[in-house]
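Next comes final_15.csv, with CSV, C-alpha atoms.
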```
chain,number,residue,atom,x,y,z
A,925,MET,CA,-20.1,-7.0,13.2
A,926,HIS,CA,-18.2,-7.1,9.9
A,927,ASP,CA,-19.0,-5.2,6.7
A,928,TRP,CA,-20.6,-7.4,4.1
A,929,TRP,CA,-17.7,-7.0,1.7
A,930,THR,CA,-15.1,-8.4,4.1
A,931,ASP,CA,-16.3,-12.0,4.2
A,932,LEU,CA,-16.2,-14.3,1.2
A,933,ASP,CA,-19.5,-16.0,1.9
A,934,THR,CA,-21.3,-12.8,2.9
A,935,LEU,CA,-20.1,-11.1,-0.3
A,936,HIS,CA,-21.3,-14.1,-2.3
A,937,GLY,CA,-24.7,-13.8,-0.7
A,938,ARG,CA,-24.8,-10.1,-1.4
A,939,VAL,CA,-24.1,-10.8,-5.1
A,940,TRP,CA,-27.2,-13.0,-5.4
A,941,ASP,CA,-29.3,-10.7,-3.3
A,942,THR,CA,-28.5,-7.9,-5.7
A,943,LEU,CA,-29.4,-10.0,-8.7
A,944,VAL,CA,-32.7,-11.2,-7.2
A,945,LYS,CA,-33.6,-7.7,-6.3
A,946,GLY,CA,-33.0,-6.7,-9.9
A,947,VAL,CA,-35.6,-9.2,-11.0
A,948,HIS,CA,-38.3,-7.9,-8.6
A,949,VAL,CA,-37.6,-4.3,-8.0
A,950,ARG,CA,-38.2,-1.8,-10.8
A,951,HIS,CA,-35.4,0.7,-10.1
A,952,ALA,CA,-32.9,-1.7,-8.6
A,953,ALA,CA,-29.3,-1.6,-9.8
A,954,ALA,CA,-29.5,-5.0,-11.4
A,955,ARG,CA,-32.9,-4.4,-13.2
A,956,HIS,CA,-30.9,-3.6,-16.3
A,957,VAL,CA,-27.7,-5.5,-16.7
A,958,ALA,CA,-25.0,-5.1,-19.3
A,959,PHE,CA,-24.8,-8.2,-21.5
A,960,ALA,CA,-21.5,-8.6,-23.5
A,961,THR,CA,-21.0,-11.1,-26.3
A,962,ALA,CA,-18.2,-11.8,-28.8
A,963,GLY,CA,-18.8,-9.9,-32.1
A,964,GLN,CA,-19.4,-12.0,-35.1
A,965,THR,CA,-16.4,-10.5,-36.9
A,966,GLY,CA,-14.3,-10.0,-33.8
A,967,GLY,CA,-14.4,-7.4,-31.0
A,968,ALA,CA,-17.1,-7.4,-28.5
A,969,GLU,CA,-20.8,-6.3,-28.4
A,970,ALA,CA,-22.7,-5.1,-25.4
A,971,ARG,CA,-26.3,-3.9,-24.6
A,972,MET,CA,-28.6,-3.7,-21.6
A,973,VAL,CA,-31.0,-6.5,-21.0
A,974,VAL,CA,-33.7,-6.7,-18.3
A,975,LEU,CA,-33.0,-9.3,-15.8
A,976,ARG,CA,-36.1,-11.7,-15.7
A,977,GLY,CA,-34.9,-14.4,-13.3
A,978,ALA,CA,-32.1,-15.2,-10.9
A,979,ASP,CA,-31.8,-18.6,-9.3
A,980,ARG,CA,-29.0,-18.9,-6.8
A,981,ALA,CA,-29.4,-22.6,-6.2
A,982,ALA,CA,-29.0,-23.4,-9.9
A,983,GLY,CA,-26.6,-20.5,-10.5
A,984,LYS,CA,-28.7,-19.3,-13.4
A,985,LEU,CA,-29.9,-16.0,-14.7
A,986,TYR,CA,-32.7,-15.4,-17.2
A,987,ALA,CA,-33.5,-12.7,-19.8
A,988,HIS,CA,-35.7,-12.3,-22.8
A,989,THR,CA,-34.8,-11.4,-26.4
A,990,ASP,CA,-36.0,-11.2,-30.0
A,991,THR,CA,-34.8,-14.3,-31.9
A,992,MET,CA,-33.7,-12.0,-34.7
A,993,SER,CA,-31.6,-9.7,-32.6
A,994,ALA,CA,-27.8,-9.7,-33.2
A,995,LYS,CA,-27.1,-11.1,-29.8
A,996,VAL,CA,-28.9,-14.4,-30.7
A,997,ALA,CA,-26.7,-14.8,-33.8
A,998,GLU,CA,-23.6,-13.9,-31.7
A,999,LEU,CA,-24.5,-16.4,-29.0
A,1000,ARG,CA,-25.2,-19.1,-31.6
A,1001,ALA,CA,-21.6,-18.5,-32.8
A,1002,ASP,CA,-20.1,-18.3,-29.3
A,1003,PRO,CA,-22.4,-18.9,-26.3
A,1004,ARG,CA,-20.0,-17.4,-23.8
A,1005,ALA,CA,-21.3,-14.0,-22.4
A,1006,THR,CA,-20.4,-11.8,-19.5
A,1007,ILE,CA,-23.2,-10.1,-17.5
A,1008,LEU,CA,-22.1,-7.0,-15.7
A,1009,VAL,CA,-23.8,-5.1,-12.9
A,1010,TRP,CA,-22.7,-1.9,-11.3
A,1011,ASP,CA,-24.5,-1.0,-8.0
A,1012,ALA,CA,-23.4,2.6,-7.5
A,1013,GLN,CA,-24.9,2.9,-4.1
A,1014,ALA,CA,-23.2,-0.2,-2.8
A,1015,HIS,CA,-19.9,0.5,-4.7
A,1016,LEU,CA,-20.2,-3.0,-5.9
A,1017,GLN,CA,-19.3,-4.4,-9.4
A,1018,ILE,CA,-20.5,-7.9,-10.2
A,1019,ARG,CA,-19.2,-9.8,-13.3
A,1020,LEU,CA,-20.7,-13.1,-14.2
A,1021,LYS,CA,-19.2,-15.3,-16.9
A,1022,CYS,CA,-22.0,-17.4,-18.4
A,1023,GLU,CA,-22.8,-19.9,-21.0
A,1024,VAL,CA,-26.1,-18.9,-22.6
A,1025,GLY,CA,-28.7,-21.2,-24.0
A,1026,ILE,CA,-31.6,-19.9,-26.2
A,1027,ASP,CA,-35.1,-21.4,-26.0
A,1028,THR,CA,-38.0,-20.6,-28.3
A,1029,GLY,CA,-41.3,-21.9,-29.4
A,1030,ASP,CA,-43.4,-24.2,-27.2
A,1031,CYS,CA,-40.7,-24.5,-24.6
A,1032,VAL,CA,-41.2,-20.8,-23.7
A,1033,ALA,CA,-45.0,-20.6,-24.2
A,1034,PRO,CA,-45.6,-20.2,-20.4
A,1035,GLU,CA,-43.2,-17.2,-20.3
A,1036,TRP,CA,-44.8,-15.7,-23.4
A,1037,ARG,CA,-48.2,-15.9,-21.8
A,1038,ARG,CA,-47.0,-14.0,-18.7
A,1039,ILE,CA,-45.9,-11.1,-20.8
A,1040,PRO,CA,-48.4,-8.3,-20.9
A,1041,GLU,CA,-49.9,-7.5,-24.3
A,1042,PRO,CA,-48.3,-4.1,-24.7
A,1043,SER,CA,-44.9,-5.5,-23.9
A,1044,ARG,CA,-45.3,-8.2,-26.6
A,1045,ARG,CA,-45.0,-5.5,-29.2
A,1046,VAL,CA,-41.2,-5.6,-29.0
A,1047,TYR,CA,-41.3,-9.1,-30.4
A,1048,GLY,CA,-42.0,-9.2,-34.1
A,1049,ASN,CA,-41.3,-5.7,-35.3
A,1050,GLY,CA,-41.4,-6.7,-38.9
A,1051,ASP,CA,-37.8,-6.6,-39.9
A,1052,GLU,CA,-34.9,-7.8,-37.8
A,1053,PRO,CA,-33.5,-5.2,-35.4
A,1054,GLY,CA,-30.9,-2.8,-36.8
A,1055,GLN,CA,-32.4,-2.4,-40.3
A,1056,GLY,CA,-32.6,1.0,-41.8
A,1057,MET,CA,-36.0,2.7,-42.0
A,1058,ALA,CA,-37.3,6.1,-43.1
A,1059,CYS,CA,-38.6,7.0,-39.7
A,1060,PRO,CA,-39.5,5.3,-36.4
A,1061,GLU,CA,-43.2,5.8,-37.1
A,1062,ALA,CA,-42.8,3.5,-40.2
A,1063,LEU,CA,-42.7,0.5,-37.9
A,1064,THR,CA,-45.5,-2.0,-38.2
A,1065,VAL,CA,-46.0,-4.0,-35.0
A,1066,THR,CA,-47.4,-7.5,-34.9
A,1067,PRO,CA,-46.6,-9.5,-31.8
A,1068,ASP,CA,-45.3,-12.8,-32.9
A,1069,GLN,CA,-44.4,-15.5,-30.4
A,1070,SER,CA,-42.0,-17.1,-32.8
A,1071,ARG,CA,-39.7,-14.1,-32.3
A,1072,PHE,CA,-39.7,-14.6,-28.6
A,1073,ALA,CA,-36.7,-16.3,-26.9
A,1074,VAL,CA,-35.6,-16.9,-23.3
A,1075,MET,CA,-31.9,-16.8,-22.6
A,1076,THR,CA,-30.8,-19.1,-19.9
A,1077,CYS,CA,-27.4,-17.9,-18.6
A,1078,THR,CA,-25.6,-20.7,-16.7
A,1079,VAL,CA,-23.1,-18.9,-14.5
A,1080,ARG,CA,-19.6,-20.3,-14.6
A,1081,GLU,CA,-17.6,-17.7,-12.7
A,1082,ILE,CA,-18.5,-14.7,-10.5
A,1083,ASP,CA,-16.1,-11.8,-9.9
A,1084,ALA,CA,-17.2,-9.4,-7.2
A,1085,LEU,CA,-15.4,-6.1,-6.6
A,1086,HIS,CA,-16.2,-3.7,-3.7
A,1087,LEU,CA,-14.7,-0.3,-4.1
A,1088,GLY,CA,-14.1,0.9,-0.5
A,1089,ARG,CA,-12.8,4.3,0.4
A,1090,ASP,CA,-9.6,2.9,1.8
A,1091,MET,CA,-9.4,-0.6,0.4
A,1092,HIS,CA,-10.9,-2.5,-2.5
A,1093,HIS,CA,-12.1,-6.1,-1.9
A,1094,ARG,CA,-12.2,-8.4,-4.9
A,1095,ALA,CA,-13.3,-12.0,-4.8
A,1096,GLN,CA,-13.9,-14.8,-7.3
A,1097,TYR,CA,-16.3,-17.7,-7.1
A,1098,SER,CA,-16.5,-20.6,-9.6
A,1099,ARG,CA,-19.0,-23.3,-10.3
A,1100,SER,CA,-16.1,-25.8,-10.6
A,1101,ARG,CA,-15.1,-25.0,-7.0
A,1102,ASN,CA,-18.7,-25.3,-5.8
A,1103,TRP,CA,-18.8,-21.5,-5.4
A,1104,ARG,CA,-16.1,-21.5,-2.7
A,1105,GLY,CA,-14.7,-18.0,-2.8
A,1106,ARG,CA,-11.1,-16.7,-2.9
A,1107,TRP,CA,-9.7,-13.2,-2.7
A,1108,VAL,CA,-7.8,-11.8,-5.6
A,1109,THR,CA,-5.8,-8.7,-6.2
A,1110,PRO,CA,-8.2,-5.8,-7.3
B,887,MET,CA,-41.2,21.7,-29.9
B,888,HIS,CA,-40.1,18.1,-30.5
B,889,ASP,CA,-38.8,15.6,-28.0
B,890,TRP,CA,-35.1,15.3,-28.2
B,891,TRP,CA,-35.2,11.6,-29.2
B,892,THR,CA,-37.4,12.3,-32.3
B,893,ASP,CA,-34.7,14.1,-34.3
B,894,LEU,CA,-31.5,12.5,-35.6
B,895,ASP,CA,-29.2,15.5,-34.9
B,896,THR,CA,-30.7,16.3,-31.6
B,897,LEU,CA,-30.4,12.7,-30.5
B,898,HIS,CA,-26.8,12.7,-31.6
B,899,GLY,CA,-26.2,15.8,-29.5
B,900,ARG,CA,-27.8,14.3,-26.5
B,901,VAL,CA,-25.5,11.3,-26.8
B,902,TRP,CA,-22.4,13.5,-26.5
B,903,ASP,CA,-24.0,15.7,-23.8
B,904,THR,CA,-24.6,12.5,-21.8
B,905,LEU,CA,-21.0,11.4,-22.3
B,906,VAL,CA,-19.5,14.8,-21.4
B,907,LYS,CA,-21.7,15.0,-18.3
B,908,GLY,CA,-20.3,11.6,-17.3
B,909,VAL,CA,-16.8,13.0,-17.3
B,910,HIS,CA,-17.6,16.0,-15.2
B,911,VAL,CA,-20.5,15.1,-12.9
B,912,ARG,CA,-19.8,12.5,-10.2
B,913,HIS,CA,-23.2,10.8,-10.1
B,914,ALA,CA,-24.1,11.1,-13.8
B,915,ALA,CA,-25.3,8.1,-15.7
B,916,ALA,CA,-22.1,8.0,-17.9
B,917,ARG,CA,-19.7,8.4,-15.0
B,918,HIS,CA,-19.1,4.7,-15.0
B,919,VAL,CA,-19.5,3.0,-18.4
B,920,ALA,CA,-19.5,-0.6,-19.3
B,921,PHE,CA,-16.4,-1.5,-21.3
B,922,ALA,CA,-16.6,-4.8,-23.3
B,923,THR,CA,-13.7,-6.5,-25.0
B,924,ALA,CA,-13.2,-9.9,-26.8
B,925,GLY,CA,-12.0,-12.5,-24.3
B,926,GLN,CA,-8.5,-13.9,-25.0
B,927,THR,CA,-9.9,-17.4,-25.4
B,928,GLY,CA,-13.2,-16.4,-26.9
B,929,GLY,CA,-16.4,-15.0,-25.5
B,930,ALA,CA,-16.6,-11.5,-24.2
B,931,GLU,CA,-15.4,-9.7,-21.1
B,932,ALA,CA,-16.9,-6.6,-19.5
B,933,ARG,CA,-16.2,-4.3,-16.6
B,934,MET,CA,-17.0,-0.7,-15.6
B,935,VAL,CA,-14.5,2.0,-16.2
B,936,VAL,CA,-14.6,5.7,-15.2
B,937,LEU,CA,-15.0,8.0,-18.1
B,938,ARG,CA,-12.2,10.5,-18.0
B,939,GLY,CA,-12.7,12.4,-21.2
B,940,ALA,CA,-15.2,12.9,-24.1
B,941,ASP,CA,-14.3,14.9,-27.2
B,942,ARG,CA,-17.2,15.2,-29.6
B,943,ALA,CA,-15.2,17.0,-32.3
B,944,ALA,CA,-12.7,14.2,-32.4
B,945,GLY,CA,-15.2,11.4,-31.7
B,946,LYS,CA,-13.0,10.1,-28.8
B,947,LEU,CA,-13.4,8.9,-25.3
B,948,TYR,CA,-10.8,8.4,-22.7
B,949,ALA,CA,-10.4,6.2,-19.7
B,950,HIS,CA,-7.5,5.1,-17.4
B,951,THR,CA,-6.3,1.6,-16.6
B,952,ASP,CA,-3.6,-0.5,-15.1
B,953,THR,CA,-1.2,-1.8,-17.7
B,954,MET,CA,-1.3,-5.2,-16.2
B,955,SER,CA,-5.1,-5.5,-16.2
B,956,ALA,CA,-6.7,-8.2,-18.3
B,957,LYS,CA,-8.4,-5.6,-20.5
B,958,VAL,CA,-5.0,-4.3,-21.7
B,959,ALA,CA,-4.0,-7.8,-22.8
B,960,GLU,CA,-7.3,-8.2,-24.4
B,961,LEU,CA,-7.1,-4.9,-26.3
B,962,ARG,CA,-3.6,-5.7,-27.5
B,963,ALA,CA,-5.0,-8.9,-29.0
B,964,ASP,CA,-8.1,-7.2,-30.4
B,965,PRO,CA,-8.4,-3.4,-30.0
B,966,ARG,CA,-12.2,-3.3,-30.8
B,967,ALA,CA,-14.3,-2.6,-27.8
B,968,THR,CA,-17.9,-1.5,-27.1
B,969,ILE,CA,-18.7,1.1,-24.6
B,970,LEU,CA,-22.2,0.9,-23.2
B,971,VAL,CA,-24.1,3.6,-21.3
B,972,TRP,CA,-27.6,3.2,-19.8
B,973,ASP,CA,-29.2,6.4,-18.6
B,974,ALA,CA,-32.2,5.1,-16.7
B,975,GLN,CA,-33.7,8.5,-16.1
B,976,ALA,CA,-33.6,9.4,-19.8
B,977,HIS,CA,-34.5,5.9,-20.9
B,978,LEU,CA,-31.5,6.1,-23.2
B,979,GLN,CA,-29.1,3.4,-24.1
B,980,ILE,CA,-25.9,4.4,-25.9
B,981,ARG,CA,-23.5,2.0,-27.5
B,982,LEU,CA,-20.2,3.1,-29.0
B,983,LYS,CA,-18.1,0.8,-31.1
B,984,CYS,CA,-14.5,1.9,-30.6
B,985,GLU,CA,-11.0,1.1,-31.5
B,986,VAL,CA,-8.8,1.5,-28.4
B,987,GLY,CA,-5.2,2.7,-28.3
B,988,ILE,CA,-3.1,2.3,-25.1
B,989,ASP,CA,-0.6,5.0,-24.1
B,990,THR,CA,1.9,4.7,-21.3
B,991,GLY,CA,5.1,6.2,-19.9
B,992,ASP,CA,6.2,9.7,-20.8
B,993,CYS,CA,3.2,10.2,-23.2
B,994,VAL,CA,0.8,10.1,-20.3
B,995,ALA,CA,2.9,11.8,-17.6
B,996,PRO,CA,0.7,14.9,-17.7
B,997,GLU,CA,-2.4,12.8,-16.9
B,998,TRP,CA,-0.5,11.0,-14.2
B,999,ARG,CA,0.4,14.3,-12.5
B,1000,ARG,CA,-3.2,15.3,-12.4
B,1001,ILE,CA,-4.2,12.1,-10.5
B,1002,PRO,CA,-4.5,12.8,-6.8
B,1003,GLU,CA,-2.0,10.9,-4.6
B,1004,PRO,CA,-4.6,8.6,-2.9
B,1005,SER,CA,-6.1,7.6,-6.3
B,1006,ARG,CA,-2.6,6.6,-7.6
B,1007,ARG,CA,-2.7,3.6,-5.3
B,1008,VAL,CA,-4.7,1.6,-7.7
B,1009,TYR,CA,-1.7,1.6,-10.1
B,1010,GLY,CA,1.0,-0.7,-9.0
B,1011,ASN,CA,-0.7,-3.1,-6.5
B,1012,GLY,CA,2.3,-5.5,-6.6
B,1013,ASP,CA,0.9,-8.4,-8.6
B,1014,GLU,CA,-1.2,-8.1,-11.7
B,1015,PRO,CA,-5.0,-7.9,-11.0
B,1016,GLY,CA,-6.8,-11.1,-10.5
B,1017,GLN,CA,-4.1,-13.0,-8.7
B,1018,GLY,CA,-5.1,-15.1,-5.7
B,1019,MET,CA,-4.1,-13.7,-2.2
B,1020,ALA,CA,-4.8,-14.7,1.4
B,1021,CYS,CA,-6.7,-11.6,2.3
B,1022,PRO,CA,-7.4,-8.1,0.9
B,1023,GLU,CA,-5.2,-6.7,3.7
B,1024,ALA,CA,-2.2,-8.5,2.3
B,1025,LEU,CA,-2.0,-6.0,-0.5
B,1026,THR,CA,1.1,-3.9,-0.6
B,1027,VAL,CA,0.6,-0.6,-2.4
B,1028,THR,CA,3.3,1.3,-4.1
B,1029,PRO,CA,2.1,3.8,-6.7
B,1030,ASP,CA,4.0,3.2,-9.9
B,1031,GLN,CA,3.6,5.3,-13.0
B,1032,SER,CA,4.8,2.5,-15.2
B,1033,ARG,CA,1.6,0.7,-14.5
B,1034,PHE,CA,-0.6,3.7,-15.6
B,1035,ALA,CA,-2.2,3.7,-19.0
B,1036,VAL,CA,-4.5,6.0,-20.9
B,1037,MET,CA,-7.0,4.3,-23.2
B,1038,THR,CA,-8.0,6.4,-26.2
B,1039,CYS,CA,-11.2,5.1,-27.6
B,1040,THR,CA,-11.8,6.3,-31.2
B,1041,VAL,CA,-15.5,5.9,-31.8
B,1042,ARG,CA,-16.4,4.2,-35.1
B,1043,GLU,CA,-20.2,3.7,-34.6
B,1044,ILE,CA,-22.8,5.1,-32.3
B,1045,ASP,CA,-26.1,3.3,-31.6
B,1046,ALA,CA,-28.6,5.3,-29.6
B,1047,LEU,CA,-31.9,3.7,-28.4
B,1048,HIS,CA,-34.6,5.7,-26.6
B,1049,LEU,CA,-37.2,3.5,-24.9
B,1050,GLY,CA,-40.4,5.5,-25.0
B,1051,ARG,CA,-43.6,4.5,-23.5
B,1052,ASP,CA,-45.4,4.1,-26.8
B,1053,MET,CA,-42.6,3.9,-29.3
B,1054,HIS,CA,-38.9,3.1,-29.3
B,1055,HIS,CA,-36.5,5.3,-31.3
B,1056,ARG,CA,-33.2,3.8,-32.4
B,1057,ALA,CA,-30.6,5.6,-34.5
B,1058,GLN,CA,-27.1,4.8,-35.8
B,1059,TYR,CA,-24.3,7.2,-36.6
B,1060,SER,CA,-20.9,6.3,-38.1
B,1061,ARG,CA,-17.6,8.1,-38.5
B,1062,SER,CA,-17.5,6.9,-42.1
B,1063,ARG,CA,-20.7,8.7,-42.9
B,1064,ASN,CA,-19.4,11.8,-41.1
B,1065,TRP,CA,-21.9,11.1,-38.2
B,1066,ARG,CA,-24.9,11.6,-40.4
B,1067,GLY,CA,-27.6,9.6,-38.6
B,1068,ARG,CA,-30.2,7.1,-39.8
B,1069,TRP,CA,-33.1,5.5,-38.1
B,1070,VAL,CA,-33.0,1.7,-37.7
B,1071,THR,CA,-35.6,-0.8,-36.4
B,1072,PRO,CA,-35.3,-1.1,-32.6
```
Please lay out the structure from this file as C-alpha cells.
Amino acid sequence: MHDWWTDLDTLHGRVWDTLVKGVHVRHAAARHVAFATAGQTGGAEARMVVLRGADRAAGKLYAHTDTMSAKVAELRADPRATILVWDAQAHLQIRLKCEVGIDTGDCVAPEWRRIPEPSRRVYGNGDEPGQGMACPEALTVTPDQSRFAVMTCTVREIDALHLGRDMHHRAQYSRSRNWRGRWVTP
Amino acid sequence: MHDWWTDLDTLHGRVWDTLVKGVHVRHAAARHVAFATAGQTGGAEARMVVLRGADRAAGKLYAHTDTMSAKVAELRADPRATILVWDAQAHLQIRLKCEVGIDTGDCVAPEWRRIPEPSRRVYGNGDEPGQGMACPEALTVTPDQSRFAVMTCTVREIDALHLGRDMHHRAQYSRSRNWRGRWVTP
C-alpha cells in the first residue's frame, strides 16, 4: 500500500478527484479556486472563482462570470490563465495552466436557467464591476442574462505538489503527452 | 453596532488583521496566500506562498522563496504581482496589487538564521525547481543560503470583497490616496 502522492497515476487521479469534489461539495478545498490572468497593462491579476464543472475525460474546467468583469477583458487580450488550488488538509497544491474560452448568449441559456433566481442578481449590477459608488446600498440589481458568461478552461498542463513532512513530491502532466506524468524537482 | 464589512475603515482594518493573523497563526486563512505573476511568455502564473510578514504601517508583505524558482525569474522580468487571500469563514476576498523586490545574500542573513534547520532543506535542492527527475527520492538536499531570497511586496492597491447573504460589499484602497477607501460595484 503506497501513499497516493508517491505514484504518478494515483496523484493524477487525486488531482481530478479534488477538482470534482470542489464542484459538488460546498466546503471542499476546490470549491473556490484562484484564477490568475495577465493584467491588461502588465503584471498579473487574481481572484477567486467558484468551480462549476470539472471534466477529467475532456480535461476541462468550468466557471461562471460577468461579461463586464475585468477578467473577461483580460482573457480576451490573453486567454492563458492559471487555476490554483490549495488543499490544506491534503497538503496538496494543484496548478492548472489553461486556455479559456468565453461563451455567452443562447449558447449558455441552459446554464443560465439552472441558476437560482437569487444568485442571478450578481449578473447585471448596472455598472461594470469596479466602478466607484457612494455606498453599497446604491446598487440597483436587475438580473440580465446578457451579462452571464461561461468560462471553459481547457487544461494544457497540470502541476501537482504534495508537501510531505520529510519529502516533497512534485509531478507534471501535459495534454501534449496524453497526461503521462513525470516527476520534477520541487 | 455595525458589521465590520459595512464601514470603509473597519473593513481596511480587517484586511490587515487577516494578513497579520496569517503570519502568526498556523491554520489561518492567510497563512498560505496565492501569489500571481505575469508568465515569461505571456499568460499568468500562480502558486501558494507562506506569508512571513505583514506590516500595515509600511503597507508591506513578506514571503520567502528559492532564488532559482520560476517566480523569481518572472518577477525580475515584471515585478508586479497580485496576492490573493480567500477567508472562507469570513466570506472575505482580499486582493493586493504589489510591486515585489527580491533580496538575497548578506541582506537576508538574519532571516536565514531564523529558519529552522529542517526547513532550510527547501533551499538548494540541487537543480532549479521544475526539472525532470527519475523519482522524488533522487533529490540530493544541501541547504544553501545563496538560494534563499526574501520577497518584499510593497502593496499599491487593496481590493476587499465581502460576500454577504443579501448584499456584497466591495471596497478599494490605494497607497496613492493614502489608503482612503472607496466603495466600488462588486
Review point. Which is closest to chain B among A:Arg1099, A:Arg1080, A:Arg1089, A:Arg1106, if we use only C-alpha atoms?
Key: A:Arg1106
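Distances from B:Arg938, B:Thr953, B:Gln926, B:Pro1072 to Asp1051 in chain A were compared using all atoms listed in the file, and the smallest one belongs to B:Pro1072.
Note that CA of His977 in chain B and CA of Asp1002 in chain A are 29.4 Å apart.
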**Study point:** Polymer residues at most 12 Å from Gln1096 in chain A, all atoms listed in the file, same-chain spacing of 4 or more positions, as number ranges by chain
**Key:** A: 932-933, 935-936, 939, 1017-1021, 1080-1086, 1100-1110; B: 1015-1019
Practice item. Using all atoms listed in the file, determine which residues lie at most 12 Å from Lys945 in chain A, disregarding the query and same-chain residues fewer than 4 positions distant; provide the list as a list in words. Key: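 Listing them by chain and then by number gives Arg938, Val939, Trp940, Asp941, Val949, Arg950, His951, Ala952, Ala953, Ala954, Arg955, His956, Leu975, Arg976, Gly977, Ala978, Asp979 and Asp1011 of chain A.
CA of Leu978 in chain B is positioned 29.0 Å from CA of Ala956 in chain B.
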Study note, to complete from the structure: Restricting to only C-alpha atoms, whichever of A:Gly983, A:Pro1003, A:Gly937, A:Pro1034 is closest to Thr961 in chain A is A:Pro1003
Exercise for review: Calculate how many Å separate CA of Gly1025 in chain A from CA of Ala920 in chain B, rounding to one decimal.
Suggested key: 23.0 Å
Point to revise | Point (-44.9, -8.1, -31.4) neighbourhood (9 Å, all atoms listed in the file) written as number ranges by chain | key: A: 1041-1050, 1065-1069, 1071-1072
Point to revise | Of the listed residues B:Thr990, B:Ser955, B:Thr968, B:Thr904, that which approaches chain A most closely, counting only C-alpha atoms | key: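 Distance minimum relative to chain A lands on B:Thr968.
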